[in-house]
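Trainee: Contents of data-v6.cif (mmCIF, C-alpha atoms and all ligand atoms):
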```
data_upload
#
loop_
_atom_site.label_atom_id
_atom_site.label_comp_id
_atom_site.auth_asym_id
_atom_site.auth_seq_id
_atom_site.Cartn_x
_atom_site.Cartn_y
_atom_site.Cartn_z
CA MET A 352 -21.93 -102.90 -58.58
CA LYS A 353 -22.19 -99.43 -60.07
CA VAL A 354 -21.24 -99.36 -63.77
CA ILE A 355 -20.42 -95.96 -65.22
CA LYS A 356 -20.09 -95.75 -68.98
CA ALA A 357 -17.55 -93.23 -70.23
CA ARG A 358 -15.50 -92.29 -73.26
CA ALA A 359 -11.74 -91.87 -73.26
CA ARG A 360 -9.76 -89.28 -75.23
CA ARG A 361 -6.87 -91.64 -75.88
CA ALA A 362 -6.09 -95.31 -75.42
CA PHE A 363 -2.34 -95.28 -74.74
CA SER A 364 -1.19 -93.21 -71.77
CA PRO A 365 2.48 -92.77 -70.89
CA THR A 366 3.45 -94.58 -67.70
CA LYS A 367 6.30 -94.81 -65.21
CA ILE A 368 5.52 -98.47 -64.48
CA PRO A 369 8.86 -100.30 -64.59
CA ARG A 370 9.61 -101.94 -67.93
CA ALA A 371 6.57 -100.37 -69.64
CA ARG A 372 6.17 -97.23 -71.70
CA TRP A 373 2.40 -97.12 -72.10
CA VAL A 374 -0.63 -98.23 -70.17
CA ILE A 375 -4.17 -98.95 -71.31
CA ASN A 376 -6.96 -98.58 -68.77
CA GLN A 377 -10.16 -99.71 -70.42
CA TYR A 378 -11.70 -100.03 -66.96
CA ILE A 379 -11.15 -97.78 -63.98
CA GLY A 380 -12.13 -99.53 -60.78
CA CYS A 381 -12.06 -103.21 -60.00
CA GLN A 382 -14.63 -105.73 -58.86
CA HIS A 383 -11.93 -107.84 -57.24
CA ALA A 384 -11.87 -105.18 -54.51
CA CYS A 385 -8.59 -106.31 -52.96
CA ARG A 386 -8.24 -104.67 -49.58
CA TYR A 387 -4.58 -103.79 -50.18
CA CYS A 388 -5.09 -102.51 -53.74
CA TYR A 389 -2.70 -99.66 -54.57
CA ALA A 390 -5.18 -98.24 -57.10
CA LYS A 391 -7.65 -97.30 -54.35
CA PHE A 392 -6.37 -93.73 -54.62
CA MET A 393 -8.66 -93.43 -57.66
CA CYS A 394 -11.53 -92.97 -55.19
CA LYS A 395 -10.13 -89.48 -54.56
CA TRP A 396 -10.85 -88.54 -58.17
CA TYR A 397 -14.06 -90.51 -58.66
CA ASP A 398 -16.71 -90.07 -56.02
CA TYR A 399 -18.73 -93.24 -56.66
CA GLY A 400 -18.22 -95.00 -53.33
CA LYS A 401 -15.93 -97.58 -51.82
CA TRP A 402 -13.19 -99.18 -53.94
CA GLY A 403 -14.59 -102.32 -55.50
CA SER A 404 -18.18 -101.05 -55.63
CA TRP A 405 -17.91 -99.27 -58.99
CA VAL A 406 -16.27 -99.65 -62.37
CA ILE A 407 -15.92 -97.06 -65.11
CA VAL A 408 -16.22 -98.72 -68.50
CA ARG A 409 -14.44 -96.76 -71.21
CA GLU A 410 -16.35 -98.15 -74.13
CA ASN A 411 -14.55 -96.44 -77.00
CA ILE A 412 -11.01 -97.64 -76.20
CA PRO A 413 -11.23 -100.61 -78.62
CA ASP A 414 -11.91 -98.08 -81.42
CA LEU A 415 -9.09 -95.79 -80.28
CA VAL A 416 -6.40 -98.49 -80.59
CA ARG A 417 -7.39 -99.33 -84.16
CA SER A 418 -4.64 -98.60 -86.71
CA LYS A 419 -2.33 -97.04 -84.08
CA TYR A 420 1.23 -98.15 -83.42
CA VAL A 421 3.28 -97.31 -80.35
CA ALA A 422 6.89 -98.30 -79.72
CA GLY A 423 7.72 -99.70 -76.29
CA LYS A 424 5.82 -102.06 -74.05
CA VAL A 425 2.12 -101.50 -73.35
CA TYR A 426 0.95 -102.62 -69.93
CA MET A 427 -2.61 -103.71 -69.23
CA SER A 428 -3.89 -102.39 -66.81
CA SER A 429 -2.84 -100.18 -63.90
CA VAL A 430 -6.11 -99.17 -62.21
CA SER A 431 -8.16 -102.31 -62.71
CA ASP A 432 -7.85 -105.97 -63.57
CA PRO A 433 -8.34 -106.38 -67.34
CA TYR A 434 -10.08 -109.73 -66.72
CA GLN A 435 -12.32 -108.78 -63.80
CA PRO A 436 -15.84 -110.32 -64.03
CA ILE A 437 -17.36 -107.37 -65.92
CA GLU A 438 -15.05 -108.21 -68.84
CA GLU A 439 -17.27 -111.23 -69.55
CA LYS A 440 -20.09 -108.84 -70.42
CA PHE A 441 -18.30 -105.86 -72.03
CA GLU A 442 -15.32 -107.69 -73.56
CA LEU A 443 -13.29 -104.48 -73.80
CA THR A 444 -9.98 -106.27 -73.22
CA LYS A 445 -10.81 -108.80 -75.91
CA LYS A 446 -11.90 -106.13 -78.40
CA ILE A 447 -8.77 -104.06 -77.73
CA LEU A 448 -6.57 -107.09 -78.44
CA GLU A 449 -8.57 -107.84 -81.59
CA ASN A 450 -8.16 -104.31 -82.91
CA MET A 451 -4.61 -103.65 -81.77
CA ASN A 452 -1.62 -103.74 -84.12
CA LYS A 453 -0.13 -107.19 -83.50
CA GLY A 454 3.41 -105.79 -83.64
CA ILE A 455 2.87 -103.82 -80.42
CA LYS A 456 4.59 -105.29 -77.36
CA VAL A 457 1.97 -106.16 -74.76
CA SER A 458 2.20 -107.14 -71.10
CA ILE A 459 -0.96 -108.27 -69.33
CA LEU A 460 -1.38 -108.87 -65.61
CA THR A 461 -4.47 -110.38 -64.02
CA LYS A 462 -5.76 -112.41 -61.11
CA SER A 463 -8.34 -114.18 -63.23
CA ASP A 464 -8.34 -117.35 -65.28
CA LEU A 465 -10.85 -115.65 -67.58
CA VAL A 466 -7.63 -114.69 -69.36
CA LEU A 467 -7.62 -118.18 -70.93
CA ARG A 468 -10.58 -117.14 -73.09
CA ASP A 469 -8.19 -115.03 -75.18
CA VAL A 470 -5.36 -117.50 -75.76
CA GLU A 471 -6.00 -117.65 -79.51
CA LEU A 472 -5.81 -113.86 -79.66
CA PHE A 473 -2.51 -113.81 -77.75
CA LYS A 474 -1.06 -116.15 -80.36
CA ARG A 475 -1.53 -113.49 -83.01
CA PHE A 476 0.87 -111.07 -81.27
CA ARG A 477 4.59 -111.12 -81.99
CA ASN A 478 5.57 -110.05 -78.49
CA ILE A 479 3.19 -110.65 -75.63
CA GLU A 480 3.46 -111.87 -72.06
CA VAL A 481 0.69 -112.75 -69.65
CA GLY A 482 1.19 -112.72 -65.90
CA LEU A 483 -0.98 -114.03 -63.11
CA THR A 484 -0.69 -112.79 -59.57
CA VAL A 485 0.06 -115.59 -57.14
CA ASN A 486 0.50 -114.96 -53.45
CA GLY A 487 -0.37 -118.30 -51.88
CA PHE A 488 -2.58 -116.82 -49.16
CA LYS A 489 -4.43 -119.58 -47.37
CA GLU A 490 -8.20 -119.42 -47.79
CA SER A 491 -9.07 -117.49 -44.62
CA VAL A 492 -6.40 -114.88 -45.42
CA LYS A 493 -7.51 -114.63 -49.04
CA ASN A 494 -11.09 -114.07 -47.86
CA ASP A 495 -9.86 -111.15 -45.79
CA PHE A 496 -7.53 -109.64 -48.38
CA GLU A 497 -9.00 -110.37 -51.81
CA PRO A 498 -12.36 -112.11 -51.40
CA TYR A 499 -13.68 -111.67 -54.94
CA SER A 500 -10.77 -112.81 -57.06
CA PRO A 501 -10.46 -116.38 -58.40
CA SER A 502 -8.69 -118.92 -56.20
CA ILE A 503 -4.92 -119.20 -56.21
CA ASP A 504 -5.22 -122.76 -57.60
CA ARG A 505 -7.18 -121.49 -60.61
CA ARG A 506 -4.50 -118.87 -61.26
CA ILE A 507 -1.70 -121.44 -61.06
CA ASP A 508 -3.65 -123.69 -63.40
CA ALA A 509 -4.07 -120.75 -65.80
CA LEU A 510 -0.30 -120.24 -65.81
CA LYS A 511 0.16 -123.90 -66.66
CA ARG A 512 -2.36 -123.72 -69.50
CA LEU A 513 -0.79 -120.58 -70.93
CA CYS A 514 2.54 -122.37 -70.98
CA GLU A 515 1.00 -125.40 -72.69
CA SER A 516 -0.47 -123.04 -75.31
CA GLY A 517 2.95 -121.56 -76.03
CA ILE A 518 2.19 -118.13 -74.53
CA LYS A 519 5.01 -116.48 -72.61
CA ASN A 520 3.82 -116.24 -69.03
CA TYR A 521 5.07 -115.04 -65.68
CA ALA A 522 4.12 -115.42 -62.05
CA PHE A 523 3.73 -112.13 -60.24
CA ILE A 524 4.37 -112.97 -56.59
CA SER A 525 2.56 -110.17 -54.83
CA PRO A 526 2.03 -108.84 -52.31
CA ILE A 527 4.74 -110.55 -50.28
CA ILE A 528 3.71 -110.20 -46.64
CA PRO A 529 5.78 -111.66 -43.79
CA LYS A 530 4.27 -114.79 -42.21
CA LEU A 531 1.48 -114.89 -44.79
CA THR A 532 3.23 -115.39 -48.15
CA ASP A 533 5.11 -118.65 -48.53
CA VAL A 534 7.52 -117.59 -51.27
CA GLU A 535 9.37 -120.90 -51.30
CA LYS A 536 6.17 -122.90 -51.85
CA ILE A 537 4.92 -120.60 -54.61
CA ILE A 538 8.21 -120.99 -56.45
CA SER A 539 8.05 -124.75 -56.13
CA ASP A 540 4.38 -124.83 -57.26
CA THR A 541 5.04 -122.77 -60.40
CA ARG A 542 8.68 -123.12 -61.45
CA ASP A 543 8.07 -125.86 -64.04
CA PHE A 544 5.76 -123.82 -66.25
CA VAL A 545 6.49 -120.10 -65.97
CA ALA A 546 8.99 -118.15 -68.05
CA TYR A 547 9.99 -116.04 -65.06
CA HIS A 548 8.95 -114.85 -61.61
CA PHE A 549 8.53 -111.24 -60.54
CA PHE A 550 8.50 -110.48 -56.81
CA GLU A 551 6.86 -107.56 -55.09
CA PHE A 552 6.93 -106.87 -51.38
CA LEU A 553 3.79 -105.23 -49.97
CA ASN A 554 3.75 -101.48 -50.39
CA PHE A 555 2.71 -100.72 -46.83
CA ARG A 556 1.99 -97.08 -47.60
CA ALA A 557 -0.07 -97.54 -50.76
CA ALA A 558 -2.03 -100.40 -49.18
CA GLY A 559 -3.72 -97.74 -47.06
CA ALA A 560 -4.60 -97.18 -43.41
CA GLU A 561 -7.59 -99.52 -43.47
CA PHE A 562 -5.43 -102.42 -44.63
CA ARG A 563 -2.72 -101.58 -42.13
CA ARG A 564 -5.36 -101.64 -39.39
CA LEU A 565 -6.58 -105.03 -40.62
CA LEU A 566 -3.04 -106.39 -40.41
CA ARG A 567 -2.49 -104.90 -36.98
CA ASP A 568 -5.76 -106.20 -35.54
CA LYS A 569 -5.87 -109.64 -37.15
CA TYR A 570 -2.38 -110.52 -38.37
CA TRP A 571 -0.20 -109.03 -35.69
CA GLU A 572 2.90 -111.06 -36.55
CA ALA A 573 2.84 -109.75 -40.11
CA TYR A 574 2.18 -106.21 -38.93
CA GLU A 575 4.99 -106.38 -36.41
CA VAL A 576 7.53 -107.14 -39.16
CA MET A 577 6.05 -104.69 -41.68
CA SER A 578 6.13 -101.85 -39.19
CA ASN A 579 9.62 -102.39 -37.80
CA GLU A 580 12.43 -101.28 -40.06
CA ALA A 581 15.08 -103.63 -38.67
CA LYS A 582 12.77 -106.65 -38.72
CA PHE A 583 11.52 -105.85 -42.22
CA LYS A 584 15.04 -105.44 -43.57
CA ARG A 585 16.02 -108.80 -42.12
CA TYR A 586 12.91 -110.39 -43.61
CA VAL A 587 13.66 -108.93 -47.05
CA LYS A 588 17.25 -110.14 -46.86
CA ASP A 589 16.09 -113.66 -45.96
CA MET A 590 13.53 -113.71 -48.76
CA ILE A 591 16.01 -112.48 -51.34
CA GLU A 592 18.30 -115.30 -50.26
CA VAL A 593 15.46 -117.82 -50.72
CA ILE A 594 14.69 -116.38 -54.16
CA ARG A 595 18.30 -116.39 -55.32
CA LYS A 596 18.91 -119.93 -54.07
CA SER A 597 15.93 -121.24 -56.01
CA ARG A 598 17.77 -120.71 -59.33
CA ILE A 599 14.72 -119.54 -61.21
CA LYS A 600 14.65 -116.75 -63.75
CA ILE A 601 13.94 -113.53 -61.84
CA GLY A 602 12.09 -110.80 -63.73
CA GLY A 603 12.55 -108.37 -60.86
CA ILE A 604 12.25 -107.82 -57.14
CA CYS A 605 10.29 -104.76 -56.16
CA LEU A 606 10.66 -103.01 -52.83
CA HIS A 607 8.65 -99.88 -52.21
CA ASP A 608 8.87 -96.89 -49.94
CA PRO A 609 11.69 -97.43 -47.47
CA LYS A 610 9.83 -95.42 -44.83
CA PHE A 611 7.86 -97.44 -42.36
CA ILE A 612 4.38 -96.64 -41.29
CA ILE A 613 3.32 -97.53 -37.80
CA LEU A 614 -0.28 -97.16 -36.67
CA LYS A 615 -0.76 -95.19 -33.53
S1 LIG A 701 -7.17 -107.21 -58.87
FE1 LIG A 701 -5.56 -105.66 -58.91
S2 LIG A 701 -6.59 -103.79 -59.55
FE2 LIG A 701 -8.17 -105.23 -58.91
S3 LIG A 701 -8.57 -104.70 -56.78
FE3 LIG A 701 -7.06 -106.37 -56.83
S4 LIG A 701 -5.06 -105.35 -56.74
FE4 LIG A 701 -6.59 -103.80 -57.33
#
```
Show me the file's structure as structure tokens.

Mentor:
Amino acid sequence: MKVIKARARRAFSPTKIPRARWVINQYIGCQHACRYCYAKFMCKWYDYGKWGSWVIVRENIPDLVRSKYVAGKVYMSSVSDPYQPIEEKFELTKKILENMNKGIKVSILTKSDLVLRDVELFKRFRNIEVGLTVNGFKESVKNDFEPYSPSIDRRIDALKRLCESGIKNYAFISPIIPKLTDVEKIISDTRDFVAYHFFEFLNFRAAGAEFRRLLRDKYWEAYEVMSNEAKFKRYVKDMIEVIRKSRIKIGGICLHDPKFIILK
């Protein structure tokens, strides 16, 4: 893992991420190295190698948030996981939360149960929510798609423990991929202890050609639906029906680019 130490000019950057006004990226790059990661485009700007093999550590961000206030929700993070393994060593996420004005609205999303380390810090904020990504991929699929992130069971357990600690939590069901994501089961496994569910269908375009090839070559049934507009529309309709019938609180349902990409 290549670690590049850097300094940032500012901590809070404006963002177009739905429901957020600002984003903090204390790390750029992610050790979880998910094959479908939408942040892979960062490799165009940073020539350090394959996505997942490097992380830029912006060491001064904890100092930059000190005594600043921003109105509107701050999202953490958009080009990394704030609780990827390197956080255990550098603790930038923890230091940012320690230094940040506790009146700022914060939304955190991670795939790691390392997030539980900071529960006492979360309690000091007036408005904070912590989400864990849950996609229910069975082990062989997870090994292909996101081999370095903690297991789905650990993430579900983290959601339960956040709830028990009184922290507002949410399950981020993503990416939803036909034949591979059992939405109904995820809802049933998590509904008793999450404040709400947010659903995101795979962004076939942003997932990149390499991931599309992986789907085509190894998960043909999923690829067939993702690459066929009529089949995908029917799938989405069915899933939305499943979601609505479950009578859970829905934070949102995200569908991406309506154009369909078919590998030649
Ligand atoms: S955890 Fe998130 S940011 Fe990290 S590689 Fe996976 S999808 Fe990308």

Trainee: Nearest residue to ligand LIG 701 (chain A) out of A:Pro498, A:Gly487, A:Gly423, A:Pro413, using all atoms listed in the file?

Mentor: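 Closest candidate: A:Pro498.
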
Trainee: Mind listing whatever residues come within 8 Å of the point (12.4, -122.5, -55.7)? Use all atoms listed in the file, file coordinates, and give them as JSON, numbers by chain.

Mentor: {"A": [535, 536, 537, 538, 539, 542, 593, 594, 596, 597, 598, 599]}

Trainee: What is the atom CA of Glu449 of chain A-atom CA of Trp373 of chain A distance in Å, reported with one decimal?

Mentor: 18.0 Å

Trainee: Kindly work out which residues sit at most 8 Å from ligand LIG 701 (chain A), using only C-alpha atoms and all ligand atoms, and give the list as a ChimeraX atom specification.

Mentor: /A:380-391,402-403,428-432,435,461-462,497,500

Trainee: So, counting only C-alpha atoms, which residue among A:Ala371, A:Val354, A:Ile503, A:Val492 is closest to Lys440 of chain A?

Mentor: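 Closest to Lys440 of chain A of all the choices is A:Val354.
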
Trainee: Taking all atoms listed in the file into account, name the residue in A:Met393, A:Met427, A:Leu415, A:Leu472 that is nearest to Arg361 of chain A.

Mentor: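 Closest to Arg361 of chain A of all the choices is A:Leu415.
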
Trainee: Using atom CA of Ser458 of chain A and atom CA of Asn478 of chain A as the two end points, give the distance in Å to one decimal.

Mentor: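 Atom CA of Ser458 of chain A sits 8.6 Å away from atom CA of Asn478 of chain A.
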
Trainee: Closest to Trp405 of chain A among A:Ala509, A:Ile518, A:Leu443, A:Ile379, using only C-alpha atoms?

Mentor: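 Looking only at the distances to Trp405 of chain A, the closest residue turns out to be A:Ile379.
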
Trainee: Pick from A:Phe550, A:Phe583, A:Phe441, A:Trp571: nearest to Cys605 of chain A, with all atoms listed in the file counted?

Mentor: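 When distances to Cys605 of chain A are compared using all atoms listed in the file, the smallest one comes from A:Phe550.
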
Trainee: Could you give me, as an MDAnalysis selection string, the residues within 8 Å of Ile507 of chain A, counting only C-alpha atoms and dropping anything in the same chain fewer than 5 positions from it?

Mentor: chainID A and resid 483 485 540:541

Trainee: Please, could you write that set of residues out with C-alpha atoms as a CSV table (one decimal), keeping the file's coordinate frame?

Mentor:
```csv
chain,number,residue,atom,x,y,z
A,483,LEU,CA,-1.0,-114.0,-63.1
A,485,VAL,CA,0.1,-115.6,-57.1
A,540,ASP,CA,4.4,-124.8,-57.3
A,541,THR,CA,5.0,-122.8,-60.4
```
